[in-house]
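Data block for protein.csv (CSV, C-alpha atoms):
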```csv
chain,number,residue,atom,x,y,z
P,240,PHE,CA,29.5,-191.2,66.7
P,241,VAL,CA,30.4,-194.6,68.3
P,242,ASN,CA,30.0,-196.4,65.0
P,243,THR,CA,32.0,-193.7,63.3
P,244,GLY,CA,34.8,-194.1,65.8
P,245,SER,CA,34.8,-197.9,65.5
P,246,PHE,CA,35.7,-197.3,61.8
P,247,TYR,CA,39.2,-196.1,63.0
P,248,SER,CA,39.7,-198.1,66.2
P,249,ASN,CA,38.3,-201.2,67.9
P,250,MET,CA,38.4,-199.4,71.4
P,251,GLU,CA,35.0,-198.5,72.8
P,252,LEU,CA,34.3,-194.8,73.3
P,253,ASN,CA,33.7,-195.1,77.1
P,254,THR,CA,37.1,-196.9,77.4
P,255,ALA,CA,38.9,-194.2,75.5
P,256,SER,CA,37.1,-191.5,77.6
P,257,ASN,CA,38.1,-193.2,80.8
P,258,VAL,CA,41.7,-193.5,79.7
P,259,LEU,CA,41.7,-189.8,78.8
P,260,VAL,CA,40.2,-188.8,82.2
P,261,ALA,CA,42.8,-191.0,84.0
P,262,CYS,CA,45.7,-189.3,82.1
P,263,MET,CA,44.4,-185.9,83.0
P,264,ALA,CA,43.9,-186.9,86.7
P,265,ILE,CA,47.5,-188.2,86.8
P,266,LEU,CA,48.8,-184.9,85.4
P,267,ALA,CA,46.6,-182.8,87.8
P,268,ALA,CA,47.9,-184.9,90.7
P,269,PHE,CA,51.4,-183.4,90.2
P,270,PRO,CA,50.7,-179.7,89.5
P,271,LYS,CA,54.4,-178.6,90.2
P,272,GLN,CA,56.0,-181.2,88.0
P,273,GLY,CA,56.2,-182.0,84.3
P,274,TYR,CA,53.5,-180.8,81.9
P,275,CYS,CA,51.3,-179.2,84.5
P,276,LYS,CA,54.2,-177.1,85.8
P,277,VAL,CA,54.9,-175.8,82.3
P,278,LEU,CA,51.2,-175.2,81.7
P,279,THR,CA,50.6,-173.2,85.0
P,280,ALA,CA,53.9,-171.2,85.0
P,281,LYS,CA,53.9,-167.4,84.5
P,282,HIS,CA,56.5,-167.4,81.7
P,283,SER,CA,55.9,-166.6,78.0
P,284,GLY,CA,56.2,-170.2,76.9
P,285,SER,CA,53.5,-171.2,79.3
P,286,ASN,CA,51.3,-168.4,78.1
P,287,ILE,CA,51.6,-169.8,74.5
P,288,THR,CA,51.0,-173.3,75.7
P,289,ARG,CA,47.8,-172.4,77.5
P,290,ARG,CA,46.5,-170.6,74.4
P,291,ILE,CA,47.5,-173.2,71.9
P,292,VAL,CA,46.3,-176.4,73.7
P,293,PRO,CA,42.5,-175.5,73.6
P,294,LEU,CA,42.9,-174.6,69.9
P,295,ALA,CA,44.7,-177.8,69.2
P,296,PHE,CA,42.0,-179.9,70.7
P,297,PHE,CA,39.3,-177.9,69.0
P,298,LEU,CA,41.0,-178.0,65.5
P,299,SER,CA,41.7,-181.7,65.8
P,300,ALA,CA,38.1,-182.5,66.7
P,301,ALA,CA,36.8,-180.2,64.0
P,302,LEU,CA,39.0,-181.7,61.3
P,303,VAL,CA,38.2,-185.2,62.3
P,304,TRP,CA,34.5,-184.4,62.1
P,305,PHE,CA,34.8,-182.8,58.7
P,306,ARG,CA,36.8,-185.7,57.5
P,307,VAL,CA,34.2,-188.2,58.7
P,308,GLN,CA,31.4,-186.2,57.1
P,309,ALA,CA,33.3,-185.9,53.8
P,310,VAL,CA,33.9,-189.7,53.7
P,311,ASN,CA,30.3,-190.5,54.7
P,312,LEU,CA,28.9,-188.3,51.9
P,313,ASP,CA,31.3,-189.7,49.4
P,314,LEU,CA,32.8,-186.3,48.8
P,315,LEU,CA,36.3,-187.6,49.3
P,316,GLU,CA,38.1,-190.9,49.4
P,317,ALA,CA,39.5,-192.0,52.7
P,318,GLU,CA,43.1,-191.3,51.5
P,319,GLU,CA,42.2,-187.9,50.1
P,320,ALA,CA,40.4,-187.0,53.4
P,321,VAL,CA,43.6,-187.9,55.3
P,322,VAL,CA,45.8,-185.8,53.1
P,323,LEU,CA,43.4,-182.9,53.2
P,324,SER,CA,43.1,-183.1,57.1
P,325,VAL,CA,46.9,-183.2,57.5
P,326,THR,CA,47.3,-180.3,55.2
P,327,ALA,CA,44.6,-178.2,56.8
P,328,PHE,CA,45.9,-179.0,60.2
P,329,THR,CA,49.4,-178.0,59.2
P,330,VAL,CA,48.3,-174.7,57.7
P,331,MET,CA,46.2,-173.8,60.8
P,332,ILE,CA,49.0,-174.7,63.2
P,333,LEU,CA,51.4,-172.5,61.1
P,334,ILE,CA,48.9,-169.6,61.2
P,335,ILE,CA,48.6,-170.0,64.9
P,336,PHE,CA,52.3,-170.0,65.4
P,337,PHE,CA,52.7,-167.0,63.2
P,338,PHE,CA,50.3,-164.9,65.1
P,339,TYR,CA,51.6,-166.0,68.5
P,340,GLY,CA,55.2,-165.5,67.3
P,341,ARG,CA,54.4,-162.0,66.3
P,342,TRP,CA,52.7,-161.5,69.7
P,343,MET,CA,55.8,-162.9,71.4
P,344,ASN,CA,58.0,-160.5,69.4
P,345,GLN,CA,55.9,-157.6,70.6
P,346,VAL,CA,56.1,-158.8,74.2
P,347,ASP,CA,59.9,-159.1,73.9
P,348,VAL,CA,60.2,-155.6,72.4
P,349,GLN,CA,58.1,-154.2,75.3
P,350,LYS,CA,60.3,-156.1,77.8
P,351,ASP,CA,63.4,-154.7,76.1
P,352,LYS,CA,62.0,-151.2,76.5
P,353,GLU,CA,61.1,-151.8,80.1
P,354,ALA,CA,64.6,-153.3,80.8
P,355,GLN,CA,66.3,-150.3,79.1
P,356,HIS,CA,64.1,-148.0,81.2
P,357,ALA,CA,65.0,-149.9,84.3
P,358,ILE,CA,68.7,-149.7,83.5
P,359,GLU,CA,68.5,-145.9,82.8
P,360,THR,CA,66.5,-145.4,86.1
P,361,GLU,CA,69.1,-147.5,88.0
P,362,SER,CA,71.9,-145.5,86.4
P,363,LYS,CA,70.3,-142.2,87.4
P,364,LEU,CA,69.6,-143.5,90.9
P,365,ARG,CA,73.2,-144.7,91.3
P,366,ALA,CA,74.4,-141.3,90.2
P,367,VAL,CA,72.2,-139.5,92.7
P,368,ILE,CA,73.3,-141.9,95.5
P,369,ASN,CA,77.0,-141.5,94.6
P,370,ASN,CA,76.8,-137.7,94.5
P,371,SER,CA,75.3,-137.6,98.0
P,372,PHE,CA,77.2,-136.8,101.2
P,373,THR,CA,75.1,-139.3,103.0
P,374,LEU,CA,76.5,-142.8,103.7
P,375,ILE,CA,74.3,-145.4,102.0
P,376,TRP,CA,74.8,-149.2,102.0
P,377,THR,CA,72.8,-152.5,102.0
P,378,VAL,CA,73.5,-155.7,103.8
P,379,ASP,CA,72.2,-159.3,103.2
P,380,ARG,CA,71.3,-162.0,105.7
P,381,ASN,CA,74.9,-163.2,105.8
P,382,TYR,CA,76.0,-159.7,107.0
P,383,CYS,CA,77.7,-159.0,103.7
P,384,TYR,CA,77.7,-155.9,101.6
P,385,THR,CA,75.4,-155.9,98.6
P,386,MET,CA,75.7,-152.2,97.7
P,387,TYR,CA,77.3,-149.0,98.9
P,388,ASN,CA,77.9,-145.5,97.5
P,389,ASP,CA,81.2,-143.7,96.9
P,390,PHE,CA,81.0,-141.6,100.1
P,391,PHE,CA,80.6,-144.7,102.2
P,392,ASP,CA,83.6,-146.2,100.4
P,393,GLN,CA,85.8,-143.1,101.2
P,394,LEU,CA,84.7,-142.7,104.8
P,395,PHE,CA,85.0,-146.5,105.5
P,396,GLN,CA,88.6,-146.5,104.3
P,397,THR,CA,89.3,-143.4,106.5
P,398,ALA,CA,87.8,-144.9,109.6
P,399,ARG,CA,88.7,-148.6,109.2
P,400,LYS,CA,91.9,-148.4,107.1
P,401,GLU,CA,90.6,-151.0,104.7
P,402,LYS,CA,88.4,-151.0,101.6
P,403,PRO,CA,84.9,-152.6,101.6
P,404,HIS,CA,83.9,-155.1,98.9
P,405,ILE,CA,80.6,-156.4,97.6
P,406,GLY,CA,80.0,-159.8,99.1
P,407,LYS,CA,82.5,-159.2,101.9
P,408,SER,CA,81.6,-159.4,105.6
P,409,ILE,CA,80.6,-156.0,107.1
P,410,PHE,CA,82.4,-156.7,110.3
P,411,SER,CA,85.8,-155.2,109.9
P,412,THR,CA,88.8,-156.9,111.5
P,413,ASN,CA,90.1,-153.4,112.6
P,414,VAL,CA,87.5,-152.8,115.3
P,415,SER,CA,86.9,-154.2,118.7
P,416,ASN,CA,84.4,-156.9,119.6
P,417,GLU,CA,82.4,-154.3,121.5
P,418,VAL,CA,82.0,-152.1,118.4
P,419,ARG,CA,81.2,-155.2,116.3
P,420,GLU,CA,78.5,-156.3,118.6
P,421,GLU,CA,77.0,-152.9,118.7
P,422,TRP,CA,76.7,-152.7,114.9
P,423,LYS,CA,75.3,-156.3,114.8
P,424,SER,CA,72.6,-155.4,117.3
P,425,TYR,CA,71.4,-152.7,115.0
P,426,TYR,CA,71.4,-155.0,112.0
P,427,ASP,CA,69.5,-157.7,113.9
P,428,ARG,CA,66.8,-155.3,114.9
P,429,ALA,CA,66.3,-154.3,111.2
P,430,PHE,CA,66.3,-158.0,110.1
P,431,ALA,CA,63.6,-158.6,112.7
P,432,GLY,CA,61.4,-156.1,110.8
P,433,GLU,CA,62.0,-153.0,112.8
P,434,THR,CA,62.4,-149.6,111.1
P,435,PHE,CA,64.3,-147.2,113.4
P,436,SER,CA,67.0,-144.6,113.8
P,437,ALA,CA,69.9,-144.4,116.2
P,438,GLU,CA,73.1,-142.5,116.9
P,439,ILE,CA,76.5,-144.0,117.1
P,440,ASN,CA,80.0,-142.7,117.8
P,441,GLU,CA,82.6,-143.9,115.3
P,442,LYS,CA,86.2,-143.5,116.2
P,443,VAL,CA,88.7,-142.4,113.6
P,444,PRO,CA,92.4,-141.6,113.9
P,445,GLY,CA,92.7,-138.3,115.8
P,446,GLY,CA,89.1,-138.1,117.0
P,447,TYR,CA,85.6,-139.4,116.3
P,448,PHE,CA,82.5,-138.6,114.4
P,449,ILE,CA,78.8,-139.0,115.3
P,450,LEU,CA,76.5,-140.8,112.8
P,451,GLN,CA,72.7,-140.6,112.7
P,452,LEU,CA,71.6,-144.1,111.4
P,453,PHE,CA,68.3,-144.9,109.6
P,454,LEU,CA,67.7,-148.6,109.1
P,455,ASN,CA,65.0,-150.2,107.0
P,456,PRO,CA,64.3,-153.8,106.1
P,457,ILE,CA,64.0,-154.8,102.4
P,458,TYR,CA,61.3,-157.3,101.5
P,459,ASN,CA,61.1,-159.6,98.5
P,460,THR,CA,58.0,-160.4,96.5
P,461,GLN,CA,57.1,-163.1,99.0
P,462,GLY,CA,57.2,-160.6,101.9
P,463,ILE,CA,60.4,-162.1,103.3
P,464,ILE,CA,63.2,-159.8,104.6
P,465,THR,CA,66.3,-160.5,102.5
P,466,GLU,CA,68.3,-157.4,103.0
P,467,ILE,CA,68.4,-154.2,105.0
P,468,SER,CA,69.2,-150.7,103.8
P,469,ILE,CA,71.2,-148.2,106.0
P,470,MET,CA,71.5,-144.5,105.6
P,471,ALA,CA,73.9,-142.6,107.8
P,472,ILE,CA,74.3,-138.8,108.2
P,473,ASP,CA,77.4,-137.2,109.8
P,474,ILE,CA,76.0,-135.0,112.6
P,475,THR,CA,79.3,-134.4,114.4
P,476,ARG,CA,79.3,-130.7,113.6
P,477,ASN,CA,75.6,-130.3,114.6
P,478,ARG,CA,76.2,-132.1,117.9
P,479,THR,CA,79.4,-130.0,118.5
P,480,GLN,CA,77.5,-126.8,117.8
P,481,GLN,CA,74.7,-128.0,120.0
P,482,LYS,CA,77.1,-128.7,122.8
P,483,VAL,CA,78.6,-125.3,122.5
P,484,LEU,CA,75.2,-123.7,122.5
P,485,GLU,CA,74.2,-125.6,125.6
P,486,GLU,CA,77.4,-124.6,127.4
P,487,ASN,CA,76.9,-120.9,126.4
P,488,GLU,CA,73.3,-121.1,127.5
P,489,ALA,CA,74.3,-122.5,130.8
P,490,LYS,CA,76.9,-119.7,131.2
P,491,PHE,CA,74.4,-117.1,130.2
P,492,SER,CA,71.8,-118.5,132.6
P,493,ALA,CA,74.4,-118.4,135.4
P,494,ILE,CA,75.1,-114.8,134.6
P,495,ILE,CA,71.5,-113.6,134.6
P,496,GLU,CA,70.7,-115.6,137.7
P,497,ASN,CA,73.7,-114.1,139.6
P,498,THR,CA,72.5,-110.5,139.2
P,499,ASP,CA,70.0,-108.4,141.0
P,500,ALA,CA,68.7,-106.9,137.8
P,501,VAL,CA,65.3,-108.3,136.5
P,502,ILE,CA,65.7,-109.9,133.1
P,503,TRP,CA,63.0,-111.4,130.9
P,504,SER,CA,61.9,-111.9,127.3
P,505,VAL,CA,58.6,-112.4,125.5
P,506,ASP,CA,57.6,-113.7,122.1
P,507,ASN,CA,55.6,-111.9,119.4
P,508,GLU,CA,52.4,-112.7,121.2
P,509,CYS,CA,53.7,-111.1,124.4
P,510,ARG,CA,54.1,-114.4,126.2
P,511,TYR,CA,56.9,-115.0,128.6
P,512,VAL,CA,59.7,-117.1,127.1
P,513,ASN,CA,62.2,-117.0,130.0
P,514,PHE,CA,63.1,-114.9,133.0
P,515,ASN,CA,65.5,-114.9,135.9
P,516,GLN,CA,64.7,-115.4,139.5
P,517,SER,CA,65.1,-111.7,140.3
P,518,PHE,CA,62.2,-111.0,137.9
P,519,ALA,CA,60.0,-113.7,139.5
P,520,ASN,CA,60.8,-112.2,142.9
P,521,TRP,CA,60.1,-108.7,141.8
P,522,ALA,CA,56.7,-109.7,140.2
P,523,GLN,CA,55.8,-111.5,143.4
P,524,LYS,CA,56.1,-108.3,145.3
P,525,TRP,CA,53.0,-107.1,143.3
P,526,ASP,CA,51.3,-110.5,143.9
P,527,TYR,CA,51.9,-111.8,140.4
P,528,GLN,CA,52.9,-115.4,139.9
P,529,ILE,CA,54.4,-115.6,136.5
P,530,LYS,CA,55.0,-118.7,134.3
P,531,GLU,CA,56.7,-119.4,131.0
P,532,GLY,CA,54.1,-119.2,128.2
P,533,GLU,CA,51.8,-117.0,130.2
P,534,LEU,CA,50.6,-113.7,128.7
P,535,ALA,CA,52.7,-110.9,130.0
P,536,ILE,CA,50.0,-108.3,129.6
P,537,SER,CA,47.4,-110.3,131.4
P,538,LEU,CA,47.5,-108.3,134.7
P,539,ALA,CA,44.9,-107.7,137.3
P,540,ASP,CA,45.4,-104.0,137.0
P,541,LYS,CA,43.8,-103.2,133.6
P,542,GLN,CA,45.5,-99.8,133.4
P,543,LEU,CA,48.9,-101.3,134.0
P,544,SER,CA,48.1,-104.0,131.4
P,545,LEU,CA,47.3,-101.3,128.8
P,546,GLU,CA,50.5,-99.4,129.6
P,547,TRP,CA,52.7,-102.5,129.2
P,548,GLU,CA,50.9,-103.6,126.1
P,549,GLU,CA,51.6,-100.3,124.4
P,550,LEU,CA,55.3,-100.6,125.4
P,551,TYR,CA,55.6,-104.2,124.0
P,552,ASN,CA,53.9,-103.1,120.8
P,553,ARG,CA,56.4,-100.3,120.3
P,554,VAL,CA,59.3,-102.7,120.9
P,555,LEU,CA,57.9,-105.4,118.6
P,556,SER,CA,57.7,-102.7,116.0
P,557,GLY,CA,61.5,-102.2,116.2
P,558,GLU,CA,61.8,-99.4,118.8
P,559,SER,CA,64.1,-99.5,121.8
P,560,ILE,CA,62.7,-97.9,124.9
P,561,ASP,CA,64.7,-96.6,127.9
P,562,PHE,CA,62.6,-95.3,130.7
P,563,GLU,CA,62.1,-95.0,134.5
P,564,TYR,CA,59.0,-96.4,136.1
P,565,ILE,CA,57.4,-95.5,139.5
P,566,ARG,CA,55.3,-98.2,141.2
P,567,PRO,CA,53.4,-97.2,144.3
P,568,HIS,CA,53.8,-99.7,147.1
P,569,LYS,CA,52.4,-100.0,150.6
P,570,GLN,CA,56.0,-99.9,151.9
P,571,GLY,CA,56.8,-96.9,149.8
P,572,ASP,CA,57.2,-96.0,146.1
P,573,MET,CA,59.4,-98.3,144.1
P,574,TYR,CA,61.6,-96.8,141.3
P,575,MET,CA,62.8,-99.0,138.4
P,576,HIS,CA,64.9,-98.2,135.4
P,577,PHE,CA,63.9,-100.3,132.4
P,578,LEU,CA,65.4,-100.9,129.0
P,579,LEU,CA,63.3,-102.8,126.4
P,580,LYS,CA,64.8,-104.0,123.1
P,581,PRO,CA,63.5,-106.1,120.2
P,582,ILE,CA,65.0,-109.6,119.5
P,583,TYR,CA,66.1,-110.1,115.9
P,584,LEU,CA,66.6,-113.4,114.0
P,585,LYS,CA,67.7,-113.0,110.4
P,586,GLU,CA,66.4,-109.4,110.3
P,587,GLN,CA,63.0,-110.6,111.6
P,588,ILE,CA,61.7,-109.5,115.0
P,589,ILE,CA,60.8,-112.6,117.0
P,590,GLY,CA,60.2,-111.1,120.4
P,591,ALA,CA,61.4,-108.5,123.0
P,592,THR,CA,63.7,-108.6,125.9
P,593,GLY,CA,63.8,-106.4,129.0
P,594,ILE,CA,66.2,-105.6,131.8
P,595,GLY,CA,65.2,-103.6,134.8
P,596,ILE,CA,67.3,-102.2,137.7
P,597,ASP,CA,65.9,-101.2,141.1
P,598,ILE,CA,66.9,-97.5,141.6
P,599,THR,CA,64.7,-96.9,144.6
P,600,GLU,CA,67.6,-96.5,147.0
P,601,LYS,CA,69.3,-94.2,144.5
P,602,LYS,CA,66.2,-92.1,144.2
P,603,LEU,CA,65.7,-91.9,148.0
P,604,ASN,CA,69.4,-91.0,148.5
P,605,ALA,CA,68.9,-88.2,145.9
P,606,VAL,CA,65.8,-86.9,147.8
P,607,GLN,CA,67.7,-87.0,151.1
P,608,ILE,CA,70.6,-85.1,149.5
P,609,GLU,CA,68.2,-82.5,148.2
P,610,GLU,CA,66.6,-82.1,151.6
P,611,SER,CA,70.0,-81.8,153.3
P,612,GLN,CA,71.1,-79.2,150.8
P,613,ALA,CA,67.8,-77.3,151.4
P,614,ARG,CA,68.4,-77.4,155.2
P,615,LEU,CA,72.0,-76.2,154.7
P,616,GLN,CA,70.8,-73.3,152.5
```
Kindly transcribe the structure held in the file into structure tokens.
Amino acid sequence: FVNTGSFYSNMELNTASNVLVACMAILAAFPKQGYCKVLTAKHSGSNITRRIVPLAFFLSAALVWFRVQAVNLDLLEAEEAVVLSVTAFTVMILIIFFFYGRWMNQVDVQKDKEAQHAIETESKLRAVINNSFTLIWTVDRNYCYTMYNDFFDQLFQTARKEKPHIGKSIFSTNVSNEVREEWKSYYDRAFAGETFSAEINEKVPGGYFILQLFLNPIYNTQGIITEISIMAIDITRNRTQQKVLEENEAKFSAIIENTDAVIWSVDNECRYVNFNQSFANWAQKWDYQIKEGELAISLADKQLSLEWEELYNRVLSGESIDFEYIRPHKQGDMYMHFLLKPIYLKEQIIGATGIGIDITEKKLNAVQIEESQARLQ
């Protein structure tokens, strides 16, 4: 092989090998520059290069070997061997480029389909986002808008009296420094990698509205937070209704606590849901310490438990019961007038409520009146 090589060049084989290794070492020393950068990249051109280079080396070596053998065997003249090698090499290179060109065309077609699918998906997603009554927007590291939906655009103009713009700072000039710092604190928490929710009061001309915020960081392929997404729901109506319910509940609690009547309610499992102090005091007379969530029919007196279990079952079946109850006591019989009714929620019975009035004095007065009438007679 050395003798054959010397026919074409006066350079020794080991010298040529060392030069080749030195060139490859120089290229490998700079993997992110020049030829090595092209060879190691993830693009289509780099893929073609990585596939063609080994073939080029192999074909070149094979053609040179065939050429040398043909000349040594006197099958071809030196000039004819050169022409044949160049022609064969050209044809092989054209064939390689044809197949890889066709492969690249297929890759491009596939990428076009994927790009079209991505565009359609983004269009559908944009339509869903814009048709939502939820405020949605994204912010980059420079605190500038990168995306927002139509509902955010409308509400922002109502609240801030200005129109938001992509690439424009999120900090409106129409708000106080206090409001600006409050919003910035939320954004900074999300940029720090925290996913959280918060409530914020946003003032508008003539009032305010309450927003429930949901903030999430957006990571790029390197795992770095580049943006944050914010979704906000207007919960003003819910909070207003909740406040009204709390006020009504407080009023109702005050009413039932300021009466001598015993009032209580149980759920479908006959467990106490709530009761007033009069009921607790009345139960204490019979040595019963009641608690919320405790089974209402779990009494020491088994016969009494069975009686009240039957009453609760009738009420939970939809019946209203009005009755008088006599309870023997060491200080004398106690008379109670009870009214039990089912509790409905959307036509479904979810429990039972009861109210009881102590009519012992009334009964004793009636007995005294009867006795007086008898004596008079």
Find the residues near P:Asp392: any atom within 12 Å, counting all atoms listed in the file, skip ones fewer than 3 places away on the same chain, and give them as a PyMOL selection string.
-> chain P and resi 369+372-376+384+386-389+395-405
Residue contacts of P:Lys580 (7 Å, all atoms listed in the file) excluding same-chain residues fewer than 6 positions away, as a compact mmCIF listing (two decimals) with C-alpha atoms, keeping the file's coordinate frame:
```txt
# COMPACT_ATOMS: atom_id res chain seq x y z
CA VAL P 554 59.30 -102.70 120.90
CA GLU P 558 61.80 -99.40 118.80
CA SER P 559 64.10 -99.50 121.80
CA ILE P 560 62.70 -97.90 124.90
CA ALA P 591 61.40 -108.50 123.00
CA THR P 592 63.70 -108.60 125.90
CA GLY P 593 63.80 -106.40 129.00
```
Could you tell me which of P:Asn513, P:Asn459, P:Gln355, P:Thr498 comes closest to P:Asp597 if we count all atoms listed in the file?
-> P:Thr498
Write out as a PyMOL selection string which residues come within 7 Å of P:Phe430 when counting all atoms listed in the file, dropping same-chain ones fewer than 4 positions away.
-> chain P and resi 426+456+464+467
Output C-alpha atoms for every residue in that selection, as a PDB file, in the coordinates of the input.
```pdb
ATOM      1  CA  TYR P 426      71.400-155.000 112.000  1.00  0.00           C
ATOM      2  CA  PRO P 456      64.300-153.800 106.100  1.00  0.00           C
ATOM      3  CA  ILE P 464      63.200-159.800 104.600  1.00  0.00           C
ATOM      4  CA  ILE P 467      68.400-154.200 105.000  1.00  0.00           C
TER       5      ILE P 467
END
```
To one decimal place, how far is atom CA of P:Tyr574 from atom CA of P:Phe562 in Å?
-> 10.8 Å
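Checking P:Val260, P:Leu364, P:Ala429, P:Leu543 one by one against P:Tyr458, counting all atoms listed in the file, you find the shortest gap at P:Ala429.
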The residue from P:Asn253, P:Val307, P:Arg289, P:Lys350 with the smallest atom-to-atom distance to P:Lys276, counting all atoms listed in the file, is P:Arg289
At what distance in Å, to one decimal, does atom CA of P:Asn370 lie from atom CA of P:Ile409?
-> 22.5 Å
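Computed from the coordinates, the atom CA of P:Tyr511 to atom CA of P:Glu486 distance equals 22.7 Å.
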Excluding same-chain residues fewer than 5 positions from P:Phe514, what lies within 10 Å of it counting only C-alpha atoms, as a VMD selection string?
-> chain P and resid 492 495 to 496 501 to 505 519 529 to 531 592 to 594
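Distances from P:Ile582, P:Asp572, P:Ala489, P:Glu441 to P:Asp506 were compared using all atoms listed in the file, and the smallest one belongs to P:Ile582.
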Which of these residues is nearest to P:Arg510, using all atoms listed in the file: P:Asn487, P:Ser537, P:Gln587, P:Thr479?
-> P:Ser537
